[in-house]
Amino acid sequence: MQLVSLFVAVTDTSWFDYLRHQSDLDEVNFWQPGGGTNFRALEAGELFLFKLHSPRNFIVGDGIYYRSLILPISVAWETFGNANGHPTLEGMRQKISEYRRVTDSNEDYKIGCRILTQPFFLSEREWIPVPSSWSRQIVVGKRYTTDDLEGGHLWEVMNDHLGRIGTIGLSDVPQARYGEPALVKPRLGQGAFRIAVIDAYRRCAVTGEKTLPALEASHIQLFARGGEHRIENGLLFRRDIHTLFDRGYVTIVPDGRFEVSSRIKEEYENGRDYYLMQGRKIIEPNNPDLKPSQKMLEWHNSNVFLS
């Protein structure tokens, strides 16, 4: 039998109460107020369960774990907005300040971000009591696996809910409800896409700039024109280069070089800094599976770039 893990996380009540009343959420950020260590208890496609604070010892929802990253609050807010579990950045920052027991709520704290896709929230009559092994001393959460009795039971119960409400179809979870446990393929939203591209590149692919608030994830084949939220359809750019890329004033040719259109000089009588980067080889992820798709680059060259 394939071993699959689940993590039951102690959940901020206000985070849960706010998000369960939002509609059409395809992803959420389950944040931790400290940003010192990254979360490594699950791999992509395993289940991340929400448990309320004691004495409300119930599991109340679930999400498909995608990945974790430590980010400044400002970037987490820009990426996920109210899917961070609060309607405003100021309120989110204040909540984190309370957990950190500090008074300077204007600091751009680094926080742990656990990105979950396909979240769902159970109605109160469906809440699930925590397993008998759960201890009152658990502060963050506990990992279970499908090869133990409690973990196997949680897997079956949560997948029954997922299948019944249609959050995940059986094509996404092969045999998950009726046979061997299997990883779920996370469906990336805009926020998860940005996180994936940040994690893959860590710097602007053209300039090497590492200042995260100045960087943006760009779709190579534009999302509005059929592009997907996939890492190979993404590049990490400095904001100005992202804008020029989307508007066709620059591109990346299939061999990985930066190309600048003559239209910048013709239309704006400027662009010297960009022309100095003409022909520069872009910085690619070390993992070859995450490198930009040549097919997508060809699409941008043919359909967006102003030659």
# chains A, B, ... in the order shown; residues from 1 in each chain; ligands from 1
>>> select_by_dssp(residues="segment 71-127 of chain A", states="strand (DSSP E)", output="VMD selection string")
chain A and resid 71 to 72 110 to 121
>>> select_by_dssp(residues="segment 195-232 of chain A", states="helix (DSSP H, G or I)", output="short mmCIF file (atom, residue, chain, number, x, y, z; two decimals) with C-alpha atoms, in the first residue's frame")
data_model
loop_
_atom_site.label_atom_id
_atom_site.label_comp_id
_atom_site.auth_asym_id
_atom_site.auth_seq_id
_atom_site.Cartn_x
_atom_site.Cartn_y
_atom_site.Cartn_z
CA ILE A 195 4.83 30.96 -5.15
CA ALA A 196 6.01 28.13 -7.40
CA VAL A 197 7.81 30.54 -9.74
CA ILE A 198 9.39 32.46 -6.84
CA ASP A 199 10.60 29.19 -5.33
CA ALA A 200 12.01 27.99 -8.65
CA TYR A 201 13.90 31.18 -9.60
CA LEU A 212 11.32 39.94 -3.46
CA PRO A 213 8.79 42.82 -3.26
CA ALA A 214 10.17 44.08 -6.58
CA PHE A 223 -3.35 33.48 -18.77
CA ALA A 224 -5.98 35.63 -20.47
CA ARG A 225 -5.04 33.95 -23.75
CA ILE A 231 5.88 26.50 -13.55
CA GLU A 232 7.15 25.83 -17.08
#
>>> atom_distance(atom1="atom CA of Arg136 of chain A", atom2="atom CA of Lys95 of chain A")
23.2 Å
>>> closest_residue(among="A:His161, A:Lys265, A:Arg194, A:Arg40", to="Leu236 of chain A", atoms="only C-alpha atoms")
A:Arg194
>>> closest_atom_pairs(of="segment 21-89 of chain A", to="segment 120-125 of chain A", cutoff="8 Å", atoms="only C-alpha atoms", output="JSON lines")
{"residue": "A:Val60", "atom": "CA", "partner": "A:Leu122", "partner_atom": "CA", "distance": 5.3}
{"residue": "A:Gly61", "atom": "CA", "partner": "A:Phe121", "partner_atom": "CA", "distance": 4.2}
{"residue": "A:Asp62", "atom": "CA", "partner": "A:Phe120", "partner_atom": "CA", "distance": 5.6}
{"residue": "A:Gly63", "atom": "CA", "partner": "A:Phe120", "partner_atom": "CA", "distance": 6.4}
>>> residues_around(residues="segment 237-240 of chain A", least_positions_apart="2", cutoff="8 Å", atoms="only C-alpha atoms", output="list in words")
Arg203, Cys204, Ala205, Val206, Thr207, Glu209, Ala214, Leu215, Glu216, Ala217, Ser218, Leu235, His242, Thr243 and Leu244 of chain A
>>> write_last_selection(atoms="N, CA and C atoms", output="PDB file, in the first residue's frame")
ATOM      1  N   ARG A 203      15.133  34.893  -8.061  1.00  0.00           N
ATOM      2  CA  ARG A 203      15.687  36.166  -8.532  1.00  0.00           C
ATOM      3  C   ARG A 203      15.129  36.446  -9.919  1.00  0.00           C
ATOM      4  N   CYS A 204      15.222  37.699 -10.339  1.00  0.00           N
ATOM      5  CA  CYS A 204      14.772  38.046 -11.692  1.00  0.00           C
ATOM      6  C   CYS A 204      15.583  37.269 -12.707  1.00  0.00           C
ATOM      7  N   ALA A 205      14.907  36.636 -13.638  1.00  0.00           N
ATOM      8  CA  ALA A 205      15.587  35.793 -14.631  1.00  0.00           C
ATOM      9  C   ALA A 205      16.499  36.600 -15.548  1.00  0.00           C
ATOM     10  N   VAL A 206      16.262  37.911 -15.665  1.00  0.00           N
ATOM     11  CA  VAL A 206      17.063  38.744 -16.569  1.00  0.00           C
ATOM     12  C   VAL A 206      18.135  39.525 -15.816  1.00  0.00           C
ATOM     13  N   THR A 207      17.756  40.210 -14.739  1.00  0.00           N
ATOM     14  CA  THR A 207      18.686  41.108 -14.049  1.00  0.00           C
ATOM     15  C   THR A 207      19.390  40.471 -12.864  1.00  0.00           C
ATOM     16  N   GLU A 209      18.040  40.426  -9.936  1.00  0.00           N
ATOM     17  CA  GLU A 209      17.539  41.128  -8.753  1.00  0.00           C
ATOM     18  C   GLU A 209      16.867  40.145  -7.792  1.00  0.00           C
ATOM     19  N   ALA A 214      10.031  43.476  -5.260  1.00  0.00           N
ATOM     20  CA  ALA A 214      10.175  44.081  -6.585  1.00  0.00           C
ATOM     21  C   ALA A 214      10.005  43.072  -7.715  1.00  0.00           C
ATOM     22  N   LEU A 215       9.712  41.813  -7.358  1.00  0.00           N
ATOM     23  CA  LEU A 215       9.648  40.756  -8.362  1.00  0.00           C
ATOM     24  C   LEU A 215       8.216  40.264  -8.567  1.00  0.00           C
ATOM     25  N   GLU A 216       7.931  39.828  -9.794  1.00  0.00           N
ATOM     26  CA  GLU A 216       6.601  39.320 -10.123  1.00  0.00           C
ATOM     27  C   GLU A 216       6.721  38.086 -11.007  1.00  0.00           C
ATOM     28  N   ALA A 217       5.802  37.161 -10.814  1.00  0.00           N
ATOM     29  CA  ALA A 217       5.736  35.965 -11.664  1.00  0.00           C
ATOM     30  C   ALA A 217       4.958  36.295 -12.923  1.00  0.00           C
ATOM     31  N   SER A 218       5.537  36.005 -14.049  1.00  0.00           N
ATOM     32  CA  SER A 218       4.912  36.294 -15.338  1.00  0.00           C
ATOM     33  C   SER A 218       4.546  34.993 -16.048  1.00  0.00           C
ATOM     34  N   LEU A 235       7.960  32.794 -15.577  1.00  0.00           N
ATOM     35  CA  LEU A 235       9.275  33.408 -15.425  1.00  0.00           C
ATOM     36  C   LEU A 235       9.176  34.426 -14.292  1.00  0.00           C
ATOM     37  N   HIS A 242       8.528  42.675 -16.270  1.00  0.00           N
ATOM     38  CA  HIS A 242       7.259  41.937 -16.397  1.00  0.00           C
ATOM     39  C   HIS A 242       6.266  42.723 -17.226  1.00  0.00           C
ATOM     40  N   THR A 243       6.135  44.027 -16.954  1.00  0.00           N
ATOM     41  CA  THR A 243       5.198  44.866 -17.712  1.00  0.00           C
ATOM     42  C   THR A 243       5.565  44.892 -19.192  1.00  0.00           C
ATOM     43  N   LEU A 244       6.839  45.080 -19.482  1.00  0.00           N
ATOM     44  CA  LEU A 244       7.278  45.121 -20.876  1.00  0.00           C
ATOM     45  C   LEU A 244       7.086  43.773 -21.558  1.00  0.00           C
TER      46      LEU A 244
END
>>> decode(residues="segment 267-293 of chain A", atoms="N, CA and C atoms", output="compact mmCIF listing (two decimals), in the first residue's frame")
# COMPACT_ATOMS: atom_id res chain seq x y z
N GLU A 267 8.81 54.35 -29.93
CA GLU A 267 7.60 54.90 -29.33
C GLU A 267 7.87 55.77 -28.12
N TYR A 268 8.99 55.52 -27.42
CA TYR A 268 9.24 56.25 -26.16
C TYR A 268 10.57 57.00 -26.15
N GLU A 269 11.34 56.89 -27.26
CA GLU A 269 12.60 57.60 -27.39
C GLU A 269 13.51 57.33 -26.20
N ASN A 270 13.49 56.09 -25.75
CA ASN A 270 14.26 55.74 -24.57
C ASN A 270 14.52 54.23 -24.59
N GLY A 271 14.84 53.66 -23.44
CA GLY A 271 15.05 52.23 -23.34
C GLY A 271 16.50 51.81 -23.28
N ARG A 272 17.41 52.79 -23.06
CA ARG A 272 18.84 52.48 -23.07
C ARG A 272 19.19 51.33 -22.12
N ASP A 273 18.64 51.35 -20.90
CA ASP A 273 18.98 50.31 -19.91
C ASP A 273 18.56 48.93 -20.38
N TYR A 274 17.46 48.86 -21.11
CA TYR A 274 16.99 47.56 -21.59
C TYR A 274 17.83 47.08 -22.77
N TYR A 275 18.20 48.01 -23.65
CA TYR A 275 19.02 47.60 -24.79
C TYR A 275 20.40 47.12 -24.34
N LEU A 276 20.88 47.60 -23.18
CA LEU A 276 22.16 47.12 -22.66
C LEU A 276 22.09 45.64 -22.27
N MET A 277 20.87 45.15 -22.03
CA MET A 277 20.70 43.74 -21.65
C MET A 277 20.37 42.85 -22.85
N GLN A 278 20.32 43.44 -24.04
CA GLN A 278 20.00 42.69 -25.25
C GLN A 278 20.93 41.47 -25.40
N GLY A 279 20.33 40.30 -25.63
CA GLY A 279 21.11 39.08 -25.86
C GLY A 279 21.58 38.39 -24.60
N ARG A 280 21.26 38.96 -23.43
CA ARG A 280 21.70 38.35 -22.18
C ARG A 280 21.02 36.99 -21.97
N LYS A 281 21.78 36.01 -21.54
CA LYS A 281 21.23 34.69 -21.24
C LYS A 281 20.50 34.77 -19.90
N ILE A 282 19.27 34.27 -19.88
CA ILE A 282 18.50 34.37 -18.64
C ILE A 282 18.99 33.36 -17.60
N ILE A 283 18.68 33.64 -16.35
CA ILE A 283 18.97 32.74 -15.24
C ILE A 283 17.82 31.75 -15.14
N GLU A 284 18.12 30.47 -15.26
CA GLU A 284 17.09 29.44 -15.24
C GLU A 284 17.15 28.66 -13.93
N PRO A 285 16.06 27.99 -13.56
CA PRO A 285 16.09 27.12 -12.37
C PRO A 285 17.11 26.00 -12.55
N ASN A 286 17.67 25.56 -11.43
CA ASN A 286 18.63 24.45 -11.50
C ASN A 286 17.97 23.15 -11.93
N ASN A 287 16.72 22.98 -11.52
CA ASN A 287 15.98 21.76 -11.88
C ASN A 287 15.50 21.88 -13.33
N PRO A 288 15.97 21.01 -14.22
CA PRO A 288 15.59 21.12 -15.63
C PRO A 288 14.09 20.97 -15.86
N ASP A 289 13.38 20.30 -14.95
CA ASP A 289 11.94 20.13 -15.11
C ASP A 289 11.17 21.43 -14.90
N LEU A 290 11.82 22.44 -14.31
CA LEU A 290 11.17 23.71 -14.02
C LEU A 290 11.53 24.81 -15.01
N LYS A 291 12.38 24.49 -15.96
CA LYS A 291 12.81 25.51 -16.93
C LYS A 291 11.66 25.92 -17.84
N PRO A 292 11.71 27.14 -18.37
CA PRO A 292 10.61 27.60 -19.23
C PRO A 292 10.45 26.74 -20.48
N SER A 293 9.21 26.51 -20.83
CA SER A 293 8.88 25.68 -21.98
C SER A 293 9.26 26.39 -23.27
